[in-house]
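Data block for entry-v3.tsv (TSV, C-alpha atoms):
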```tsv
chain	number	residue	atom	x	y	z
A	1	MET	CA	89.52	59.72	-8.05
A	2	THR	CA	86.88	57.40	-6.65
A	3	HIS	CA	88.65	55.72	-3.71
A	4	ASP	CA	89.28	57.02	-0.24
A	5	HIS	CA	92.83	58.04	0.54
A	6	SER	CA	92.68	56.21	3.82
A	7	ALA	CA	90.24	54.75	6.28
A	8	HIS	CA	89.57	58.26	7.55
A	9	VAL	CA	88.99	60.08	4.29
A	10	HIS	CA	85.57	59.78	2.71
A	11	THR	CA	84.30	60.75	-0.70
A	12	VAL	CA	81.38	62.86	-1.80
A	13	PRO	CA	81.13	61.40	-5.31
A	14	ALA	CA	80.94	63.78	-8.24
A	15	ARG	CA	77.35	65.06	-8.68
A	16	LYS	CA	76.16	63.40	-5.43
A	17	GLY	CA	75.62	64.20	-1.75
A	18	ARG	CA	76.57	62.89	1.68
A	19	ALA	CA	75.50	63.73	5.23
A	20	VAL	CA	77.36	63.03	8.46
A	21	ARG	CA	76.75	63.52	12.16
A	22	LEU	CA	79.14	65.59	14.24
A	23	ARG	CA	79.27	66.00	17.99
A	24	LYS	CA	79.86	69.46	19.40
A	25	GLY	CA	83.60	70.11	19.23
A	26	GLU	CA	84.26	67.70	16.38
A	27	SER	CA	85.19	69.22	13.03
A	28	ILE	CA	84.76	68.33	9.39
A	29	LYS	CA	87.60	68.92	6.95
A	30	ILE	CA	86.24	69.31	3.43
A	31	VAL	CA	88.85	68.99	0.70
A	32	ASN	CA	88.55	70.52	-2.78
A	33	THR	CA	90.64	67.65	-4.12
A	34	HIS	CA	90.64	68.82	-7.73
A	35	GLY	CA	90.54	72.53	-6.94
A	36	HIS	CA	87.62	73.59	-9.11
A	37	GLN	CA	84.64	71.95	-7.43
A	38	VAL	CA	81.86	73.71	-5.55
A	39	CYS	CA	80.51	71.94	-2.47
A	40	ASP	CA	77.06	73.05	-1.28
A	41	THR	CA	77.04	72.65	2.50
A	42	TRP	CA	74.28	72.64	5.13
A	43	ALA	CA	74.13	72.02	8.89
A	44	PHE	CA	71.14	71.10	11.05
A	45	SER	CA	70.94	70.86	14.84
A	46	SER	CA	70.72	67.22	15.90
A	47	ASP	CA	68.42	68.12	18.78
A	48	ASP	CA	65.97	70.07	16.62
A	49	PRO	CA	66.57	70.19	12.87
A	50	THR	CA	64.27	73.20	12.50
A	51	GLU	CA	67.36	75.03	13.76
A	52	PHE	CA	69.91	75.08	10.94
A	53	LEU	CA	72.78	77.01	9.41
A	54	SER	CA	71.23	80.10	7.84
A	55	MET	CA	72.94	82.31	5.30
A	56	GLU	CA	70.50	85.19	5.88
A	57	HIS	CA	71.17	85.11	9.63
A	58	THR	CA	74.93	84.63	9.22
A	59	ARG	CA	75.46	87.59	6.84
A	60	PRO	CA	74.23	90.29	9.26
A	61	THR	CA	76.07	88.64	12.14
A	62	ILE	CA	79.48	88.55	10.43
A	63	GLY	CA	78.82	91.79	8.51
A	64	CYS	CA	79.84	90.23	5.22
A	65	ILE	CA	78.44	88.07	2.43
A	66	PHE	CA	81.68	86.04	2.12
A	67	PRO	CA	82.40	83.94	5.21
A	68	THR	CA	85.87	82.54	5.72
A	69	ARG	CA	88.39	81.52	8.41
A	70	GLY	CA	87.61	83.04	11.79
A	71	HIS	CA	83.90	83.51	11.27
A	72	TYR	CA	81.21	81.93	13.40
A	73	LEU	CA	78.42	80.75	11.13
A	74	HIS	CA	74.99	81.21	12.66
A	75	SER	CA	71.72	79.34	12.82
A	76	ASN	CA	68.25	80.71	12.14
A	77	ARG	CA	68.07	81.19	15.93
A	78	ARG	CA	71.20	83.36	15.76
A	79	ARG	CA	73.39	80.88	17.61
A	80	PRO	CA	76.83	79.81	16.40
A	81	ILE	CA	76.33	76.42	14.74
A	82	LEU	CA	79.68	76.05	12.92
A	83	TYR	CA	83.02	77.78	13.42
A	84	PHE	CA	85.03	78.36	10.25
A	85	ALA	CA	88.32	77.21	11.76
A	86	GLU	CA	90.58	76.85	8.70
A	87	ASP	CA	90.55	77.83	5.05
A	88	THR	CA	93.59	77.28	2.84
A	89	SER	CA	91.78	78.74	-0.20
A	90	PRO	CA	91.51	82.48	-0.93
A	91	GLY	CA	88.23	82.58	1.02
A	92	ILE	CA	85.84	82.97	-1.89
A	93	HIS	CA	82.63	81.15	-0.93
A	94	ASP	CA	79.08	82.03	-1.84
A	95	THR	CA	76.10	82.67	0.44
A	96	ILE	CA	73.59	84.29	-1.93
A	97	ILE	CA	72.67	81.57	-4.46
A	98	ALA	CA	70.10	78.83	-3.82
A	99	ALA	CA	71.06	75.19	-4.29
A	100	CYS	CA	70.46	74.03	-7.85
A	101	ASP	CA	67.33	71.94	-8.38
A	102	ASP	CA	65.40	70.28	-11.17
A	103	TYR	CA	63.51	73.52	-11.85
A	104	ARG	CA	66.84	75.26	-12.38
A	105	TYR	CA	68.06	72.75	-14.94
A	106	GLY	CA	64.72	72.88	-16.70
A	107	LEU	CA	65.15	76.64	-17.10
A	108	LEU	CA	68.69	76.02	-18.38
A	109	GLY	CA	67.24	73.86	-21.15
A	110	CYS	CA	67.51	70.33	-19.77
A	111	ARG	CA	64.71	68.04	-20.94
A	112	GLU	CA	65.82	65.04	-18.85
A	113	TYR	CA	66.44	64.77	-15.13
A	114	HIS	CA	69.72	66.39	-14.08
A	115	ASP	CA	71.46	65.63	-10.81
A	116	ASN	CA	71.05	68.61	-8.49
A	117	CYS	CA	72.15	69.77	-5.05
A	118	THR	CA	68.63	70.02	-3.61
A	119	ASP	CA	67.83	66.38	-4.37
A	120	ASN	CA	71.33	65.43	-3.22
A	121	LEU	CA	70.58	67.05	0.13
A	122	ARG	CA	67.30	65.16	0.42
A	123	ALA	CA	68.91	61.81	-0.48
A	124	ALA	CA	71.90	62.37	1.81
A	125	MET	CA	69.68	63.12	4.79
A	126	ARG	CA	67.41	60.14	4.08
A	127	ALA	CA	70.46	57.87	3.83
A	128	ILE	CA	71.37	58.51	7.46
A	129	HIS	CA	67.73	58.75	8.65
A	130	ALA	CA	68.03	62.44	9.46
A	131	PRO	CA	64.90	64.57	9.10
A	132	LEU	CA	64.89	67.51	6.70
A	133	PRO	CA	62.19	70.02	7.66
A	134	GLU	CA	63.04	72.44	4.86
A	135	VAL	CA	65.76	73.26	2.31
A	136	PRO	CA	67.80	76.19	3.62
A	137	SER	CA	69.97	78.34	1.39
A	138	PRO	CA	73.37	76.58	1.40
A	139	LEU	CA	76.91	77.69	2.13
A	140	ASN	CA	78.42	77.18	-1.31
A	141	LEU	CA	82.05	76.41	-0.57
A	142	TRP	CA	84.43	77.65	-3.31
A	143	MET	CA	81.58	79.01	-5.44
A	144	ASN	CA	82.84	82.24	-6.99
A	145	ILE	CA	79.94	84.67	-7.34
A	146	PRO	CA	81.27	88.23	-7.34
A	147	VAL	CA	78.82	91.04	-6.55
A	148	ASP	CA	79.57	94.52	-7.88
A	149	ALA	CA	78.63	97.83	-6.25
A	150	LYS	CA	75.34	97.91	-8.17
A	151	GLY	CA	74.49	94.42	-6.97
A	152	ALA	CA	75.08	92.61	-10.27
A	153	ILE	CA	76.34	89.06	-9.81
A	154	GLY	CA	78.79	87.04	-11.90
A	155	TRP	CA	79.17	83.29	-12.44
A	156	CYS	CA	82.89	82.54	-12.26
A	157	GLU	CA	85.22	79.59	-11.88
A	158	PRO	CA	86.56	78.77	-8.42
A	159	VAL	CA	89.82	80.46	-7.44
A	160	SER	CA	90.83	77.56	-5.20
A	161	LYS	CA	93.65	75.14	-6.04
A	162	PRO	CA	93.78	71.33	-5.82
A	163	GLY	CA	93.93	70.18	-2.22
A	164	ASP	CA	92.58	73.38	-0.70
A	165	TYR	CA	90.46	72.62	2.31
A	166	VAL	CA	88.25	74.16	4.93
A	167	VAL	CA	87.70	73.00	8.50
A	168	LEU	CA	84.29	73.64	10.06
A	169	ARG	CA	83.94	72.94	13.78
A	170	ALA	CA	80.56	71.96	15.21
A	171	GLU	CA	79.39	74.43	17.86
A	172	MET	CA	76.49	72.11	18.75
A	173	ASP	CA	75.64	68.51	17.80
A	174	VAL	CA	74.84	68.74	14.09
A	175	VAL	CA	74.20	66.89	10.88
A	176	VAL	CA	76.37	68.33	8.11
A	177	ALA	CA	75.26	67.67	4.52
A	178	MET	CA	77.36	68.24	1.42
A	179	SER	CA	76.70	68.08	-2.30
A	180	ALA	CA	79.43	67.98	-4.94
A	181	CYS	CA	77.56	70.39	-7.20
A	182	PRO	CA	76.59	68.79	-10.56
A	183	GLN	CA	76.33	72.12	-12.37
A	184	ASP	CA	77.94	71.48	-15.77
A	185	ILE	CA	76.17	74.18	-17.82
A	186	LEU	CA	77.38	77.29	-16.00
A	187	PRO	CA	81.15	77.66	-15.38
A	188	ILE	CA	81.04	77.49	-11.59
A	189	ASN	CA	82.70	74.03	-11.48
A	190	SER	CA	84.94	74.82	-14.47
A	191	GLY	CA	82.50	72.75	-16.50
A	192	LYS	CA	83.47	69.41	-15.00
A	193	PRO	CA	81.87	68.25	-11.74
A	194	VAL	CA	84.19	66.02	-9.71
A	195	ASP	CA	84.54	64.46	-6.25
A	196	VAL	CA	85.29	66.24	-3.05
A	197	HIS	CA	86.60	64.53	0.07
A	198	TYR	CA	86.01	64.94	3.76
A	199	GLU	CA	87.36	63.77	7.07
A	200	ILE	CA	85.97	63.98	10.59
A	201	LEU	CA	88.42	65.47	13.08
A	202	ALA	CA	88.15	64.70	16.77
A	203	ALA	CA	87.47	67.45	19.28
A	204	LEU	CA	90.70	69.02	20.56
B	205	MET	CA	49.40	108.89	10.75
B	206	THR	CA	47.15	106.15	12.05
B	207	HIS	CA	44.05	106.44	9.87
B	208	ASP	CA	43.45	105.19	6.36
B	209	HIS	CA	43.43	107.80	3.64
B	210	SER	CA	40.34	106.27	2.12
B	211	ALA	CA	38.27	103.13	2.13
B	212	HIS	CA	40.82	101.58	-0.20
B	213	VAL	CA	43.99	102.42	1.62
B	214	HIS	CA	44.97	100.20	4.54
B	215	THR	CA	47.58	100.61	7.23
B	216	VAL	CA	50.36	98.38	8.41
B	217	PRO	CA	50.74	99.97	11.83
B	218	ALA	CA	54.20	100.94	12.99
B	219	ARG	CA	56.06	97.88	14.40
B	220	LYS	CA	53.29	95.48	13.28
B	221	GLY	CA	52.38	93.18	10.39
B	222	ARG	CA	49.50	92.51	8.01
B	223	ALA	CA	48.76	89.80	5.44
B	224	VAL	CA	46.39	89.96	2.48
B	225	ARG	CA	45.21	87.62	-0.24
B	226	LEU	CA	45.72	88.52	-3.90
B	227	ARG	CA	44.33	86.81	-6.95
B	228	LYS	CA	46.61	86.31	-9.93
B	229	GLY	CA	46.69	89.61	-11.83
B	230	GLU	CA	45.81	91.78	-8.85
B	231	SER	CA	48.54	94.02	-7.49
B	232	ILE	CA	49.48	95.46	-4.15
B	233	LYS	CA	50.72	99.04	-3.90
B	234	ILE	CA	52.87	99.48	-0.82
B	235	VAL	CA	53.47	103.09	0.17
B	236	ASN	CA	56.45	104.33	2.19
B	237	THR	CA	54.24	107.08	3.59
B	238	HIS	CA	56.93	108.67	5.75
B	239	GLY	CA	59.82	107.84	3.45
B	240	HIS	CA	62.19	106.22	5.94
B	241	GLN	CA	60.42	102.99	6.81
B	242	VAL	CA	61.51	99.47	5.85
B	243	CYS	CA	58.75	97.01	5.01
B	244	ASP	CA	59.68	93.32	5.19
B	245	THR	CA	57.60	91.55	2.55
B	246	TRP	CA	56.80	87.89	1.84
B	247	ALA	CA	54.55	86.04	-0.60
B	248	PHE	CA	53.19	82.50	-0.42
B	249	SER	CA	51.29	80.55	-3.05
B	250	SER	CA	47.64	80.21	-2.03
B	251	ASP	CA	47.45	76.74	-3.57
B	252	ASP	CA	50.51	75.42	-1.74
B	253	PRO	CA	52.25	77.72	0.75
B	254	THR	CA	55.40	75.59	0.66
B	255	GLU	CA	55.95	77.52	-2.56
B	256	PHE	CA	56.92	81.07	-1.65
B	257	LEU	CA	58.86	84.12	-2.74
B	258	SER	CA	62.53	83.20	-2.32
B	259	MET	CA	65.37	85.68	-2.24
B	260	GLU	CA	67.99	82.99	-2.92
B	261	HIS	CA	66.10	81.81	-6.00
B	262	THR	CA	65.31	85.33	-7.21
B	263	ARG	CA	68.90	86.63	-7.06
B	264	PRO	CA	70.35	84.14	-9.59
B	265	THR	CA	67.31	84.55	-11.82
B	266	ILE	CA	67.51	88.35	-12.07
B	267	GLY	CA	71.33	88.37	-11.86
B	268	CYS	CA	71.32	90.97	-9.12
B	269	ILE	CA	70.92	91.27	-5.35
B	270	PHE	CA	68.80	94.47	-5.65
B	271	PRO	CA	65.43	93.83	-7.31
B	272	THR	CA	63.44	96.76	-8.65
B	273	ARG	CA	60.95	97.78	-11.33
B	274	GLY	CA	60.82	95.34	-14.24
B	275	HIS	CA	62.04	92.30	-12.34
B	276	TYR	CA	60.08	89.09	-11.96
B	277	LEU	CA	60.51	87.86	-8.41
B	278	HIS	CA	60.72	84.08	-8.19
B	279	SER	CA	59.50	81.34	-5.92
B	280	ASN	CA	61.54	78.51	-4.46
B	281	ARG	CA	60.24	76.50	-7.43
B	282	ARG	CA	61.77	79.08	-9.79
B	283	ARG	CA	58.40	80.37	-11.02
B	284	PRO	CA	57.50	84.05	-11.18
B	285	ILE	CA	55.37	84.73	-8.10
B	286	LEU	CA	55.39	88.57	-8.11
B	287	TYR	CA	56.17	91.09	-10.84
B	288	PHE	CA	57.84	94.29	-9.67
B	289	ALA	CA	55.64	96.57	-11.77
B	290	GLU	CA	56.39	100.02	-10.35
B	291	ASP	CA	58.94	101.64	-8.06
B	292	THR	CA	59.02	105.39	-7.56
B	293	SER	CA	61.95	105.11	-5.11
B	294	PRO	CA	65.61	104.85	-6.22
B	295	GLY	CA	65.31	101.04	-6.22
B	296	ILE	CA	67.34	100.30	-3.11
B	297	HIS	CA	65.77	97.23	-1.49
B	298	ASP	CA	67.50	94.46	0.42
B	299	THR	CA	67.47	90.70	-0.22
B	300	ILE	CA	70.35	89.47	1.94
B	301	ILE	CA	69.28	90.14	5.54
B	302	ALA	CA	66.96	87.88	7.55
B	303	ALA	CA	63.84	89.29	9.18
B	304	CYS	CA	64.56	90.57	12.68
B	305	ASP	CA	63.45	88.29	15.51
B	306	ASP	CA	63.59	88.09	19.29
B	307	TYR	CA	67.02	86.44	19.14
B	308	ARG	CA	68.28	89.43	17.17
B	309	TYR	CA	67.06	91.96	19.72
B	310	GLY	CA	68.51	89.84	22.51
B	311	LEU	CA	71.91	90.05	20.83
B	312	LEU	CA	71.43	93.81	20.46
B	313	GLY	CA	71.02	94.10	24.23
B	314	CYS	CA	67.26	94.02	24.74
B	315	ARG	CA	66.21	92.37	27.99
B	316	GLU	CA	62.47	92.65	27.36
B	317	TYR	CA	60.42	91.45	24.41
B	318	HIS	CA	60.87	93.64	21.33
B	319	ASP	CA	58.43	93.68	18.43
B	320	ASN	CA	60.03	91.94	15.47
B	321	CYS	CA	59.29	91.15	11.83
B	322	THR	CA	59.37	87.38	12.25
B	323	ASP	CA	56.66	87.38	14.92
B	324	ASN	CA	54.76	89.99	12.90
B	325	LEU	CA	54.76	87.59	9.94
B	326	ARG	CA	53.47	84.77	12.15
B	327	ALA	CA	50.71	86.92	13.66
B	328	ALA	CA	49.68	88.41	10.31
B	329	MET	CA	49.31	84.98	8.73
B	330	ARG	CA	47.37	83.64	11.72
B	331	ALA	CA	45.05	86.64	11.59
B	332	ILE	CA	43.79	85.64	8.13
B	333	HIS	CA	44.01	81.88	8.81
B	334	ALA	CA	46.81	81.40	6.31
B	335	PRO	CA	49.31	78.61	7.02
B	336	LEU	CA	53.00	79.46	7.44
B	337	PRO	CA	55.15	76.40	6.75
B	338	GLU	CA	58.44	78.22	7.31
B	339	VAL	CA	59.92	81.72	7.60
B	340	PRO	CA	61.56	82.60	4.28
B	341	SER	CA	64.14	85.33	3.95
B	342	PRO	CA	62.10	88.48	3.20
B	343	LEU	CA	62.20	91.11	0.49
B	344	ASN	CA	63.12	94.13	2.62
B	345	LEU	CA	61.55	97.03	0.75
B	346	TRP	CA	63.54	100.26	1.13
B	347	MET	CA	66.13	98.66	3.39
B	348	ASN	CA	69.49	100.17	2.45
B	349	ILE	CA	72.21	97.57	2.91
B	350	PRO	CA	75.13	98.37	0.61
B	351	VAL	CA	77.59	95.57	-0.19
B	352	ASP	CA	81.14	96.52	-1.18
B	353	ALA	CA	83.42	94.60	-3.54
B	354	LYS	CA	84.87	92.62	-0.62
B	355	GLY	CA	81.39	91.65	0.50
B	356	ALA	CA	81.24	93.90	3.57
B	357	ILE	CA	77.76	95.15	4.33
B	358	GLY	CA	76.57	98.47	5.74
B	359	TRP	CA	73.47	99.44	7.74
B	360	CYS	CA	72.17	102.67	6.25
B	361	GLU	CA	69.06	104.82	6.28
B	362	PRO	CA	66.55	104.45	3.45
B	363	VAL	CA	67.10	106.67	0.41
B	364	SER	CA	63.37	106.77	-0.36
B	365	LYS	CA	61.23	109.86	0.11
B	366	PRO	CA	57.77	110.27	1.68
B	367	GLY	CA	55.08	108.80	-0.54
B	368	ASP	CA	57.38	106.58	-2.59
B	369	TYR	CA	55.64	103.37	-3.48
B	370	VAL	CA	56.12	100.05	-5.16
B	371	VAL	CA	53.54	97.99	-7.04
B	372	LEU	CA	53.89	94.21	-6.94
B	373	ARG	CA	51.62	92.19	-9.23
B	374	ALA	CA	50.63	88.67	-8.28
B	375	GLU	CA	51.73	86.13	-10.90
B	376	MET	CA	49.72	83.42	-9.13
B	377	ASP	CA	47.15	83.48	-6.32
B	378	VAL	CA	49.17	84.51	-3.29
B	379	VAL	CA	49.13	85.67	0.30
B	380	VAL	CA	51.34	88.74	0.69
B	381	ALA	CA	52.58	89.53	4.21
B	382	MET	CA	54.20	92.80	5.29
B	383	SER	CA	55.87	93.99	8.47
B	384	ALA	CA	56.58	97.63	9.22
B	385	CYS	CA	60.01	96.84	10.65
B	386	PRO	CA	60.29	97.74	14.37
B	387	GLN	CA	64.09	98.04	14.28
B	388	ASP	CA	64.86	101.12	16.40
B	389	ILE	CA	68.41	100.29	17.48
B	390	LEU	CA	70.13	100.16	14.08
B	391	PRO	CA	69.60	103.14	11.70
B	392	ILE	CA	67.72	101.24	8.98
B	393	ASN	CA	64.40	102.99	9.77
B	394	SER	CA	66.12	106.28	10.60
B	395	GLY	CA	65.63	105.33	14.23
B	396	LYS	CA	61.86	105.81	14.25
B	397	PRO	CA	59.59	102.96	13.08
B	398	VAL	CA	56.35	104.26	11.55
B	399	ASP	CA	53.34	103.08	9.53
B	400	VAL	CA	53.32	102.04	5.92
B	401	HIS	CA	50.17	101.89	3.80
B	402	TYR	CA	48.92	99.57	1.11
B	403	GLU	CA	46.17	99.30	-1.44
B	404	ILE	CA	44.94	96.38	-3.54
B	405	LEU	CA	44.76	97.21	-7.24
B	406	ALA	CA	42.41	95.29	-9.54
B	407	ALA	CA	43.76	93.24	-12.41
B	408	LEU	CA	44.09	95.28	-15.61
```
Once you've parsed the file, please lay out its structure as structure tokens.
Amino acid sequence: MTHDHSAHVHTVPARKGRAVRLRKGESIKIVNTHGHQVCDTWAFSSDDPTEFLSMEHTRPTIGCIFPTRGHYLHSNRRRPILYFAEDTSPGIHDTIIAACDDYRYGLLGCREYHDNCTDNLRAAMRAIHAPLPEVPSPLNLWMNIPVDAKGAIGWCEPVSKPGDYVVLRAEMDVVVAMSACPQDILPINSGKPVDVHYEILAAL
Amino acid sequence: MTHDHSAHVHTVPARKGRAVRLRKGESIKIVNTHGHQVCDTWAFSSDDPTEFLSMEHTRPTIGCIFPTRGHYLHSNRRRPILYFAEDTSPGIHDTIIAACDDYRYGLLGCREYHDNCTDNLRAAMRAIHAPLPEVPSPLNLWMNIPVDAKGAIGWCEPVSKPGDYVVLRAEMDVVVAMSACPQDILPINSGKPVDVHYEILAAL
């Protein structure tokens, strides 16, 4: 699937990234069109991009490592930056794993350049002339990383189904960046990275 | 306890921070002198401080959210930056919670300035003229944050005992920063922030 469904639905191409600007009150609907795709997601304050969505500040605030519908996601200044307004999937999203990068694929045995979420973030931000002061740990939508009582982590396939979506509402003016994760060595994308889609929803 | 045990043992005063330079192969022994104190810990490459100890890159590399003896701790460029050489405590250390900061204490009800680990990091780095490009998520030594199978987190007292220590060996030239966490509202320091001590150990 490489074409938009309509004038309002946009594509994050398989293995690539996109960034978009949202005004406070607007929302982004991110659609797991094929059901088994992880989408690394970031948000940066438009006023000052050194304030951004922070997993390590969100976890203590929501009291959980798995954010889902009803949670306010927090910035590194402990302010709500996104509100997790809807989630039609079972609510399994990861907050503990860094975005993949060229170092990661090198360690996994790649000898050539491999698309990666960190470079996708950089390219997506550059494409809309948005500054990127650092690379925060992402919200990995649909990434299924269970953690057992001893802290051991697993690398599992998404439990979402085709067409599942989340809606994230901007609690301040933000740039939201997404990467359709190109991981094709570990099973997190069921081995086959594909597109995701998104739509901007007007403020209610 | 406010005095050093010897010429070789240094103090991180209660509620404050310290930073020290280590050459590759040297180690730092950090002592939980009173047994119930959390020590937020960071490491930055001396050559390029934009490379630093990263919790989100370490977790996938060691396959666990609780690092302890025998683990290589990784940088945001996926290189070993510290080796967790010794740990006399039960190995309960946190990687998922951000350093406390003035925003945090504001949300906890403080109306006046409260000492915090983020400002302690900044001051400790300034004190030795070491640059601080960003504030990474810390390794919270002895911080006891259990995570259940549903991802819910708890805020518990340390399980370490007086005199427990860890030894972290530098895998590259680094600046190590520590903060004796001033959290006195939540139970993570058993309600009473105190000193920790450290010693630099020569390369073997």
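Proximity of A:Asp87, A:Asp48, A:Asp102, A:Glu26 to chain B, computed with only C-alpha atoms, is greatest for A:Asp102.
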Find the nearest atom pair between each residue of chain B and chain A for residues within 10 Å, count only C-alpha atoms, give distances in Å to one decimal, sort rows by chain and ascending number, and present the table as a tab-separated table.
```
residue	atom	partner	partner_atom	distance
B:Thr254	CA	A:Glu134	CA	9.3
B:Ser258	CA	A:Ala98	CA	8.9
B:Met259	CA	A:Ile96	CA	8.3
B:Glu260	CA	A:Ala98	CA	4.8
B:His261	CA	A:Ala98	CA	5.4
B:Thr262	CA	A:Ile97	CA	8.7
B:Arg263	CA	A:Ile97	CA	6.8
B:Pro264	CA	A:Ile97	CA	6.2
B:Thr265	CA	A:Arg104	CA	9.3
B:Ile266	CA	A:Ala152	CA	8.9
B:Gly267	CA	A:Ile153	CA	5.5
B:Cys268	CA	A:Ala152	CA	4.3
B:Ile269	CA	A:Gly151	CA	5.0
B:Phe270	CA	A:Gly151	CA	5.8
B:Pro271	CA	A:Gly151	CA	9.1
B:Asn280	CA	A:Ala98	CA	8.6
B:Arg281	CA	A:Tyr103	CA	6.3
B:Arg282	CA	A:Tyr103	CA	6.2
B:Arg283	CA	A:Tyr103	CA	8.6
B:Ile296	CA	A:Lys150	CA	9.8
B:Thr299	CA	A:Glu56	CA	8.8
B:Ile300	CA	A:Glu56	CA	5.8
B:Ile301	CA	A:Glu56	CA	5.1
B:Ala302	CA	A:Glu56	CA	4.7
B:Ala303	CA	A:His57	CA	8.5
B:Cys304	CA	A:His57	CA	9.1
B:Asp305	CA	A:Arg77	CA	8.5
B:Asp306	CA	A:Arg77	CA	8.9
B:Tyr307	CA	A:Arg78	CA	6.2
B:Arg308	CA	A:Arg78	CA	6.9
B:Gly310	CA	A:Arg78	CA	9.7
B:Leu311	CA	A:Arg78	CA	8.4
B:Pro337	CA	A:Glu134	CA	9.0
B:Glu338	CA	A:Glu134	CA	7.8
B:Val339	CA	A:Asn76	CA	9.5
B:Pro340	CA	A:Pro136	CA	9.0
B:Ser341	CA	A:Glu56	CA	6.6
B:Pro342	CA	A:Glu56	CA	9.4
B:Ile349	CA	A:Pro60	CA	9.9
B:Pro350	CA	A:Ala149	CA	7.7
B:Val351	CA	A:Ala149	CA	6.6
B:Asp352	CA	A:Ala149	CA	5.8
B:Ala353	CA	A:Asp148	CA	5.8
B:Lys354	CA	A:Phe66	CA	7.8
B:Gly355	CA	A:Ile65	CA	5.0
B:Ala356	CA	A:Cys64	CA	4.3
B:Ile357	CA	A:Cys64	CA	5.4
B:Gly358	CA	A:Gly63	CA	7.6
B:Trp359	CA	A:Pro60	CA	9.3
```
(Q) Give me the residues near range 198-201 of chain A as JSON, numbers by chain, where near means some atom within 10 Å (using only C-alpha atoms) and where sequence neighbours in that chain fewer than 6 positions away do not count. (A) {"A": [4, 6, 7, 8, 9, 10, 11, 12, 18, 20, 21, 22, 25, 26, 27, 28, 29, 30, 31, 32, 33, 165, 166, 167, 168, 169, 178]}
Now that the selection is made, can you save its residues with C-alpha atoms as an mmCIF file, keeping the file's coordinate frame?
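Listing of result-v2.cif after writing:
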```
data_model
loop_
_atom_site.group_PDB
_atom_site.id
_atom_site.type_symbol
_atom_site.label_atom_id
_atom_site.label_comp_id
_atom_site.auth_asym_id
_atom_site.auth_seq_id
_atom_site.Cartn_x
_atom_site.Cartn_y
_atom_site.Cartn_z
ATOM 1 C CA ASP A 4 89.280 57.020 -0.240
ATOM 2 C CA SER A 6 92.680 56.210 3.820
ATOM 3 C CA ALA A 7 90.240 54.750 6.280
ATOM 4 C CA HIS A 8 89.570 58.260 7.550
ATOM 5 C CA VAL A 9 88.990 60.080 4.290
ATOM 6 C CA HIS A 10 85.570 59.780 2.710
ATOM 7 C CA THR A 11 84.300 60.750 -0.700
ATOM 8 C CA VAL A 12 81.380 62.860 -1.800
ATOM 9 C CA ARG A 18 76.570 62.890 1.680
ATOM 10 C CA VAL A 20 77.360 63.030 8.460
ATOM 11 C CA ARG A 21 76.750 63.520 12.160
ATOM 12 C CA LEU A 22 79.140 65.590 14.240
ATOM 13 C CA GLY A 25 83.600 70.110 19.230
ATOM 14 C CA GLU A 26 84.260 67.700 16.380
ATOM 15 C CA SER A 27 85.190 69.220 13.030
ATOM 16 C CA ILE A 28 84.760 68.330 9.390
ATOM 17 C CA LYS A 29 87.600 68.920 6.950
ATOM 18 C CA ILE A 30 86.240 69.310 3.430
ATOM 19 C CA VAL A 31 88.850 68.990 0.700
ATOM 20 C CA ASN A 32 88.550 70.520 -2.780
ATOM 21 C CA THR A 33 90.640 67.650 -4.120
ATOM 22 C CA TYR A 165 90.460 72.620 2.310
ATOM 23 C CA VAL A 166 88.250 74.160 4.930
ATOM 24 C CA VAL A 167 87.700 73.000 8.500
ATOM 25 C CA LEU A 168 84.290 73.640 10.060
ATOM 26 C CA ARG A 169 83.940 72.940 13.780
ATOM 27 C CA MET A 178 77.360 68.240 1.420
#
```
Q | Nearest residue to Ala407 in chain B from the set B:Ala247, B:Arg219, B:Asp377, B:Lys228 (distances using all atoms listed in the file) | A | B:Lys228
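Minimum atom-to-atom distances from A:Met143, A:Val174, A:Ala130, A:Ala124 to Ala19 in chain A were compared using only C-alpha atoms, and the lowest value belongs to A:Ala124.
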Q: Extract, using all atoms listed in the file, all DNA, RNA and protein residues at most 9 Å from Thr245 in chain B, discarding same-chain residues fewer than 5 positions from it, and format them as a ChimeraX atom specification.
A: /B:325,342-345,380-383
Q | For Gly109 in chain A, the nearest of the candidates A:Gly17, A:Leu186, A:His197, A:Val38, counting only C-alpha atoms | A |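 Of all the options, A:Leu186 lies closest to Gly109 in chain A.
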(Q) I'd like the neighbourhood of Ser190 in chain A as a list of chain:residue names, where a residue qualifies if any of its atoms comes within 9 Å (using all atoms listed in the file), though same-chain residues fewer than 3 positions away should be ignored. (A) A:His36, A:Gln37, A:Cys156, A:Glu157, A:Pro158, A:Asp184, A:Leu186, A:Pro187, A:Pro193
Q | Straight-line distance linking CA of Tyr83 in chain A with CA of Pro162 in chain A, stated in Å to one decimal | A |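 Straight-line distance from CA of Tyr83 in chain A to CA of Pro162 in chain A works out to 23.0 Å.
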**Q.** Surrounding residues of Thr272 in chain B excluding itself and chain neighbours under 3 positions, 8 Å, all atoms listed in the file, as a PyMOL selection string
**A.** chain B and resi 275+288+290-291+295-297
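For the atom pair formed by CA of Pro386 in chain B and CA of Trp246 in chain B, the distance is 16.3 Å, given to one decimal.
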**Q.** For CA of Ala170 in chain A and CA of Leu82 in chain A, the interatomic separation in Å (one decimal)
**A.**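 The value is 4.8 Å.
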